[in-house]
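Engineer: Sending over a structure as structure tokens; questions will come in a sec.
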Amino acid sequence: MSINLTINNKVITAPDGATILEAAQAAGIEIPTLCHHPDLTDVGACRMCVVSVEGARALQTACTTPAGEGMVVNTMSDAAVASRKFTLEMLLTDHPNECMTCEVAGDCELQDLVYDYQVPWPDHNGKRHQWELDPDPNPFIFIDRNKCIVCGRCIRACNEIQNRDIWSFAYRGFETKLVAGADQLMLDAGCESCGACVAYCPVGALQDKMSLGLGRVNQVEKVRTTCSFCGVGCNFDLNVRNDKITKVTSAQDAPVNGMALCVKGRYGYDFVHHPDRLTRPMVRAKWLDPATVAERVKNGEWAVFTEAQQRRASLTHQRASGNGHSASDHRSPAIPQSAILPDTFVQTDWDTALDTVAGKFTQVKKDYGGDAFAVLASAKCTNEENYIFNKFTRQMLATHSIDHCARL
Amino acid sequence: MTNSIQDIAEESQCIFIIGSNTTENHPVIGTKIRRAKRHRGAKLIVADPRRIDIADYADLHLRHKPGTDIALLNGLMHVILRENWQDDDFIRERTENFEDVKAIVEKYTPEVASEITGVPAEDIVLAATMMAENRPGALLYAMGITQHTTGVANVMSCANLQMMLGNIGVPGSGVNPLRGQNNVQGACDMGGLPNVFPGYQRVTDPAAREKFEKAWGVGLPDYMGLTVTEMMDAAEAGDVRCLYIIGENPMTSEPNLNHTRHSLQKTEFIVLQELFFSETAQFADVIFPAAAFAEKEGSFTNTERRAQRVRKAVNPPGEARLDHEIVIQLAKRMLALGATALDPEAPYADWEYRSIIDVEEEINALTPIYAGVTWERMEAGEALHWPVLGPDHPGTPILHVSKFSRGLGRFAAVDHVPPDELPDDDYPLMLTTGRVIYHWHAGEMTHRAAGLEAMYPEALVEIHPRDAARAGIDADGMMKVASRRGEIIAKAQITDRVEPGLIFTTFHFAESAANFLTNPALDPVAKIPEYKVCAVKVEKA
Ligand code: SF4
Ligand code: SF4
Ligand code: SF4
Ligand code: FES
């Protein structure tokens with residue numbers, strides 16, 4: 001079933017049940033919106049999408065009004081445009097004039113509409129909200145209620161996408177406030193820190209705390225990839241600036257998950273740049289020629305990975321000494337740098353490390369055959385890498401003893 | 001999974017979750033199920049010993065004792081058959097061996113099942129009724145089903161139930177294991193298993209072996225390799241001399257860590273390829289610094305058999321290298337040392353890959369289920385479900401549509417067998433293990449993600465108020481948990497998420513990992529350790 005209507009003098013066919021907004025969008029006609037998002041139910045809260053419908057006494061909100069047979073719609077009537085300008089002006093009267101430093105400038109639906117409709121900054125001495133910045137200790141979500149335009153998208157994202165029902169509007173009139181639970185801290189209200197509310201906020205009222213100041217949308221490159229934590233296979237965009245991940249943004253067209261992500265996928269990426277990352281190959285001194293080790297360490301080509309460095313880089317130790325890199329980790333090592341014992345880890349060059357392993361593997365294979373080898377492949381590595389591990393084990397090491405933690 | 005996440009979320013009338021803490025371990029699937037329940041009115045039944053988050057959304061929570069899954073499932077099937085709710089057409093046309101299951105579930109009356117599982121008999125009847133009245137229904141499970149000495153039998157039992165209800169091969173149905181690690185599916189698909197080549201071609205099948213011998217230009221062993229747990233035993237016995245560990249941390253993931261430590265100490269030569277100096281690193285002879293996901297090009301295959309691209313966003317730090325490049329370098333150097341003689345005529349014998357795309361083409365050529373998972377299609381944004389049998393094949397979101405891959409679906413009669421180790425006078429409590437949303441596995445990555453670590457900074461043990469009071473353990477006080485194999489000290493979280501007699505903890509924290517305690521008894525077929533049940537005692541620490 002379909003219906004025919006006219007929008008801006010263009011005859012359009014739309015599926016039965018489509019709203020005026022959907023009919024217009026399908027025909028390539030733009031209608032501005034703020035509280036609407038295609039993933040969420042429409043509530044008609046912001047009145048940005050108002051249009052003139054012939055025969056109707058008042059302007060209609062396109063996002064909630066069903067398209068009707070024979071309807072004649074004008075999206076750019078003088079009344080509609082004036083109404084939108086008024087709506088935007090009202091929003092600006094209670095909005096901080098901070099676009100210069102705002103995190104989401106360039107990625108803000110309000111900013112875009114104010115630009116499109118050329119609404120001047122309202123100089124008024126009326127009341128503007130002065131909410132406390134970042135009032136919630138949630139490590140991932142930064143709240144700036146002064147920028148909230150009361151569109152309710154976060155509320156619906158949490159209800160409809162995440163099904164957690166954390167957000168709501170409390171109090172009345174000018175006191176209206178977006179609150180978590182019964183005006184509680186987010187975590188106390190049961191928030192899962194999935195970040196969906198942030199992802200759906202059209203302005204800078206909810207932001208990703210880990211990303212503040214690291215780069216605005218025009219300063220980053222977005223790289224679509226697949227999450228490295230669980231097996232759901234969510235896709236998202238890594239935002240990158242200066243060879244560093246600044247943020248994860250979700251993508252509506254992600255095949256499995258759409259905009260939804262969990263706390264790990266959205267906010268668990270910083271391990272990639274952690275200072276504990278291993279950056280040089282290492283071989284225990286007993287597998288190397290002692291004279292070479294002494295000489296190369298002395299001339300600085302190689303280095304000893306000291307016990308103290310090992311402790312600093314090891315989670316068990318970090319945790320035992322009270323989490324993270326505490327001051328006590330940095331006391332001087334018990335064994336001086338120069339002492340090279342058989343078990344000392346020496347940071348070598350790649351050729352040395354690879355040749356050591358290739359040599360040992362070749363020798364063991366000649367002496368004992370393939371049964372002397374076992375390989376643990378990785379459920380964290382890619383398909384292509386795992387294929388290579390499988391080929392290496394079977395073809396080069398002559399064994400089928402390859403497994404991974406599939407069972408665990 | 002036999003079905004896709006989307007068809008379950010959108011079309012299932014009844015979602016039955018057993019042995020999966022979905023909200024914490026597969027969070028986005030958890031949100032989609034909550035959505036199906038709340039916005040579409042699908043029925044939701046959760047069977048789990050703990051009051052996990054998803055149970056709060058369920059129409060019915062069956063709180064069965066750990067290790068009694070078969071008794072519960074047989075009880076459900078008993079009711080279905082008693083009420084004549086089975087799908088006779090499906091059973092007749094698509095399956096075999098039904099009579100065996102019918103015979104065995106005969107004795108699992110709701111009362112008998114209730115006696116074993118601790119679930120009220122009327123709830124078993126109610127659950128069976130809900131499943132019968134709301135079809136198609138999907139069954140989802142995870143490690144709560146597999147990490148038992150009866151893991152394989154548990155899975156068969158899940159399949160029995162779904163076949164009996166005719167819940168196979170249509171949207172919204174199926175038997176759906178939720179795989180843990182991001183690419184555990186892909187690692188299995190690509191031959192990271194001791195019994196199969198890529199694409200589940202068996203190493204003991206002469207035809208498969210010949211195919212790979214011809215492709216790789218070398219003779220291959222005709223017997224299966226060792227599983228992880230067997231590798232540890234062989235290493236301890238001195239039979240395995242070289243262990244090459246790539247991106248794994250057996251010092252936190254293996255059952256019975258004291259045994260694992262001993263095995264690693266005894267191994268002559270251990271090569272570790274890792275992002276961090278892990279617990280396993282202490283035992284390594286050589287450590288290669290590897291690249292993280294954000295530094296790689298390639299693909300991961302998710303739990304619904306769907307391959308998607310992984311793309312390089314940043315460079316690896318320092319001199320860290322891509323995992324496959326390290327292995328390719330080793331292979332070339334070993335060839336130069338004469339480690340292996342390869343037939344130069346064989347099409348895929350050499351290690352001269354120009355790029356990852358060459359590897360992909362080799363996979364496409366040798367792995368029938370990935371034949372059509374080409375680089376071009378992935379690059380174009382196609383997220384295909386295998387089997388993808390050729391470049392034009394559309395992929396297979398739902399398995400077993402008109403027939404099972406083996407022909408007829410086989411009912412397998414399985415009986416309840418108690419877990420290997422049950423509480424007794426010396427170790428009076430039962431320990432079960434799992435994960436929390438903020439951490440991943442041994443926590444190599446998540447402990448180094450500042451926000452996640454802030455959310456869940458230390459190991460917690462869930463214990464019921466009654467048991468805590470008996471042992472004099474205070475809320476947030478430290479407690480000692482001991483089993484026959486080891487002990488840990490961790491903070492108590494007093495909660496009725498667990499029932500009296502049961503405690504729960506995770507293996508995210510190396511210094512107090514559950515695996516010092518767990519029982520390494522294996523499922524005889526799948527060789528999966530019984531992580532979900534062992535006997536422990538607790539005291540105030
Ligand atoms: S982070 Fe997620 S769970 Fe928390 S309030 Fe936002 S949408 Fe809701
Ligand atoms: S916080 Fe953002 S999404 Fe929520 S109501 Fe305010 S402007 Fe809208
Ligand atoms: S974002 Fe969360 S649910 Fe999605 S794949 Fe990553 S860990 Fe899994
Ligand atoms: S977009 Fe229609 S009222 Fe807000």
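Letters A, B, ... mark the chains of the structure tokens in the order given; residue numbers begin at 1 per chain; ligand numbers begin at 1, in order shown.
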Tell me which protein, DNA and RNA residues are within 12 Å of A:Pro135, counting only C-alpha atoms, leaving out same-chain ones fewer than 3 positions away, and put them as an MDAnalysis selection string.
Structural biologist: chainID A and resid 131:132 138:139 141:146 179:180 183:186 206 209
Engineer: Write out as a ChimeraX atom specification each polymer residue (protein, DNA or RNA) that has an atom no more than 10 Å from ligand 4, with only C-alpha atoms and all ligand atoms counted.
Structural biologist: /A:21,31-37,42-51,60-65,151-153
Engineer: Just give me the gap between atom CA of B:Ser355 and atom CA of A:Ile245 in Å, one decimal is fine.
Structural biologist: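 Distance between the two atoms: 24.5 Å.
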Engineer: Extract the full set of strand (DSSP E) residues from stretch 247-295 of chain B according to DSSP on the backbone, and format it as a list in words.
Structural biologist: Phe269, Ile270, Val271, Leu272, Gln273, Glu274, Val286, Ile287, Phe288 and Pro289 of chain B
Engineer: Specify as a PyMOL selection string all residues of chain A found within 6 Å of chain B, counting only C-alpha atoms.
Structural biologist: chain A and resi 139+162+223+225-226+228-233+243+262+268+270-271+277-284+313-314+358+362+372-380+382-383+385-387+390+400-403+406-407
Engineer: Using only C-alpha atoms and all ligand atoms, which of A:Glu175, A:Asp237, A:Asp208, A:Glu98 sits nearest ligand 1?
Structural biologist: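 Closest to ligand 1 of all the choices is A:Asp208.
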Engineer: Tell me which protein, DNA and RNA residues are within 10 Å of A:Glu22, counting only C-alpha atoms, leaving out same-chain ones fewer than 3 positions away, and put them as number ranges by chain.
Structural biologist: A: 14-15, 17-19, 25-31, 38, 62-67
Engineer: What do you get as a list of chain:residue names if you pick all residues at most 7 Å from ligand 2, counting only C-alpha atoms and all ligand atoms?
Structural biologist: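 Residues lying within 7 Å of ligand 2: A:Arg145, A:Lys147, A:Cys148, A:Ile149, A:Val150, A:Cys151, A:Gly152, A:Arg153, A:Cys154, A:Ile155, A:Leu178, A:Cys197, A:Tyr200, A:Cys201, A:Pro202, A:Val203, A:Gly204, A:Ala205, A:Leu206.
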Engineer: Limited to C-alpha atoms, could you put the picked residues into a file as a compact mmCIF listing (two decimals), in the first residue's frame?
Structural biologist:
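Listing of part36.txt after writing:
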```
# COMPACT_ATOMS: atom_id res chain seq x y z
CA ARG A 145 23.64 20.62 31.20
CA LYS A 147 24.19 22.95 26.54
CA CYS A 148 21.18 20.67 26.87
CA ILE A 149 18.39 21.55 24.44
CA VAL A 150 15.89 19.26 26.17
CA CYS A 151 15.34 17.15 23.07
CA GLY A 152 15.13 13.88 25.03
CA ARG A 153 17.19 11.86 22.56
CA CYS A 154 19.43 10.56 25.35
CA ILE A 155 16.37 9.45 27.29
CA LEU A 178 17.94 16.10 32.82
CA CYS A 197 23.15 8.59 25.34
CA TYR A 200 22.62 10.26 20.32
CA CYS A 201 22.96 13.71 21.91
CA PRO A 202 22.75 16.20 19.04
CA VAL A 203 24.78 18.83 20.88
CA GLY A 204 27.60 18.95 23.42
CA ALA A 205 25.51 18.35 26.52
CA LEU A 206 26.78 14.78 26.83
```
Engineer: Could you give me, as a list in words, each residue of stretch 93-252 of chain A that DSSP assigns to alpha helix (DSSP H) when run on this structure's backbone?
Structural biologist: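 For stretch 93-252 of chain A, the alpha helix (DSSP H) set is Thr93, Glu109, Leu110, Gln111, Asp112, Leu113, Val114, Tyr115, Asp116, Arg153, Cys154, Ile155, Arg156, Ala196, Cys197, Val198, Ala199 and Tyr200 of chain A.
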Engineer: Limited to N, CA, C and O atoms, could you put the picked residues into a file as a PDB file, in the first residue's frame?
Structural biologist:
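The resulting again_0.pdb:
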```pdb
ATOM      1  N   THR A  93      18.868  31.570  23.549  1.00  0.00           N
ATOM      2  CA  THR A  93      18.787  32.460  24.713  1.00  0.00           C
ATOM      3  C   THR A  93      19.211  31.730  25.986  1.00  0.00           C
ATOM      4  O   THR A  93      19.538  32.370  26.973  1.00  0.00           O
ATOM      5  N   GLU A 109      24.280  19.498  15.785  1.00  0.00           N
ATOM      6  CA  GLU A 109      23.092  19.746  14.969  1.00  0.00           C
ATOM      7  C   GLU A 109      22.527  21.139  15.217  1.00  0.00           C
ATOM      8  O   GLU A 109      21.970  21.762  14.315  1.00  0.00           O
ATOM      9  N   LEU A 110      22.680  21.635  16.432  1.00  0.00           N
ATOM     10  CA  LEU A 110      22.196  22.991  16.722  1.00  0.00           C
ATOM     11  C   LEU A 110      23.020  24.022  15.962  1.00  0.00           C
ATOM     12  O   LEU A 110      22.484  24.929  15.316  1.00  0.00           O
ATOM     13  N   GLN A 111      24.328  23.857  16.016  1.00  0.00           N
ATOM     14  CA  GLN A 111      25.212  24.797  15.327  1.00  0.00           C
ATOM     15  C   GLN A 111      24.905  24.825  13.824  1.00  0.00           C
ATOM     16  O   GLN A 111      24.821  25.892  13.216  1.00  0.00           O
ATOM     17  N   ASP A 112      24.689  23.643  13.247  1.00  0.00           N
ATOM     18  CA  ASP A 112      24.390  23.573  11.819  1.00  0.00           C
ATOM     19  C   ASP A 112      23.092  24.311  11.484  1.00  0.00           C
ATOM     20  O   ASP A 112      23.012  25.024  10.479  1.00  0.00           O
ATOM     21  N   LEU A 113      22.076  24.137  12.335  1.00  0.00           N
ATOM     22  CA  LEU A 113      20.786  24.758  12.030  1.00  0.00           C
ATOM     23  C   LEU A 113      20.842  26.264  12.226  1.00  0.00           C
ATOM     24  O   LEU A 113      20.265  27.025  11.439  1.00  0.00           O
ATOM     25  N   VAL A 114      21.533  26.705  13.259  1.00  0.00           N
ATOM     26  CA  VAL A 114      21.673  28.146  13.487  1.00  0.00           C
ATOM     27  C   VAL A 114      22.392  28.771  12.292  1.00  0.00           C
ATOM     28  O   VAL A 114      22.056  29.853  11.831  1.00  0.00           O
ATOM     29  N   TYR A 115      23.352  28.033  11.757  1.00  0.00           N
ATOM     30  CA  TYR A 115      24.052  28.502  10.552  1.00  0.00           C
ATOM     31  C   TYR A 115      23.095  28.528   9.360  1.00  0.00           C
ATOM     32  O   TYR A 115      22.952  29.532   8.667  1.00  0.00           O
ATOM     33  N   ASP A 116      22.396  27.421   9.138  1.00  0.00           N
ATOM     34  CA  ASP A 116      21.483  27.338   7.985  1.00  0.00           C
ATOM     35  C   ASP A 116      20.455  28.462   8.026  1.00  0.00           C
ATOM     36  O   ASP A 116      20.115  29.030   6.998  1.00  0.00           O
ATOM     37  N   ARG A 153      16.641  12.980  23.334  1.00  0.00           N
ATOM     38  CA  ARG A 153      17.187  11.856  22.562  1.00  0.00           C
ATOM     39  C   ARG A 153      17.963  10.891  23.456  1.00  0.00           C
ATOM     40  O   ARG A 153      17.911   9.673  23.273  1.00  0.00           O
ATOM     41  N   CYS A 154      18.680  11.429  24.437  1.00  0.00           N
ATOM     42  CA  CYS A 154      19.429  10.564  25.346  1.00  0.00           C
ATOM     43  C   CYS A 154      18.474   9.655  26.119  1.00  0.00           C
ATOM     44  O   CYS A 154      18.778   8.481  26.362  1.00  0.00           O
ATOM     45  N   ILE A 155      17.339  10.226  26.510  1.00  0.00           N
ATOM     46  CA  ILE A 155      16.368   9.451  27.289  1.00  0.00           C
ATOM     47  C   ILE A 155      15.882   8.273  26.462  1.00  0.00           C
ATOM     48  O   ILE A 155      15.850   7.130  26.918  1.00  0.00           O
ATOM     49  N   ARG A 156      15.536   8.586  25.205  1.00  0.00           N
ATOM     50  CA  ARG A 156      15.011   7.522  24.346  1.00  0.00           C
ATOM     51  C   ARG A 156      16.108   6.528  23.946  1.00  0.00           C
ATOM     52  O   ARG A 156      15.851   5.334  23.809  1.00  0.00           O
ATOM     53  N   ALA A 196      25.560   5.187  24.826  1.00  0.00           N
ATOM     54  CA  ALA A 196      24.551   5.423  23.785  1.00  0.00           C
ATOM     55  C   ALA A 196      23.963   6.823  23.919  1.00  0.00           C
ATOM     56  O   ALA A 196      23.747   7.522  22.921  1.00  0.00           O
ATOM     57  N   CYS A 197      23.732   7.260  25.149  1.00  0.00           N
ATOM     58  CA  CYS A 197      23.146   8.592  25.341  1.00  0.00           C
ATOM     59  C   CYS A 197      24.055   9.666  24.753  1.00  0.00           C
ATOM     60  O   CYS A 197      23.582  10.618  24.130  1.00  0.00           O
ATOM     61  N   VAL A 198      25.352   9.490  24.931  1.00  0.00           N
ATOM     62  CA  VAL A 198      26.297  10.457  24.374  1.00  0.00           C
ATOM     63  C   VAL A 198      26.219  10.424  22.846  1.00  0.00           C
ATOM     64  O   VAL A 198      26.183  11.457  22.180  1.00  0.00           O
ATOM     65  N   ALA A 199      26.183   9.212  22.313  1.00  0.00           N
ATOM     66  CA  ALA A 199      26.197   9.063  20.860  1.00  0.00           C
ATOM     67  C   ALA A 199      24.969   9.698  20.217  1.00  0.00           C
ATOM     68  O   ALA A 199      25.033  10.178  19.084  1.00  0.00           O
ATOM     69  N   TYR A 200      23.851   9.713  20.902  1.00  0.00           N
ATOM     70  CA  TYR A 200      22.621  10.259  20.316  1.00  0.00           C
ATOM     71  C   TYR A 200      22.386  11.727  20.661  1.00  0.00           C
ATOM     72  O   TYR A 200      21.465  12.339  20.135  1.00  0.00           O
TER      73      TYR A 200
END
```
Engineer: Suppose you want the space between atom CA of B:Arg406 and atom CA of B:Glu10; what is it in Å?
Structural biologist: 28.1 Å
Engineer: Just how far from atom CA of B:Leu422 is atom CA of B:Val125, in Å to one decimal?
Structural biologist: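 For atom CA of B:Val125 relative to atom CA of B:Leu422, the distance reads 27.6 Å.
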Engineer: Go through B:Leu257, B:Pro419, B:Thr22, B:Glu111 and flag the residue nearest ligand 3, using only C-alpha atoms and all ligand atoms for the distances.
Structural biologist: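 Looking only at the distances to ligand 3, the closest residue turns out to be B:Thr22.
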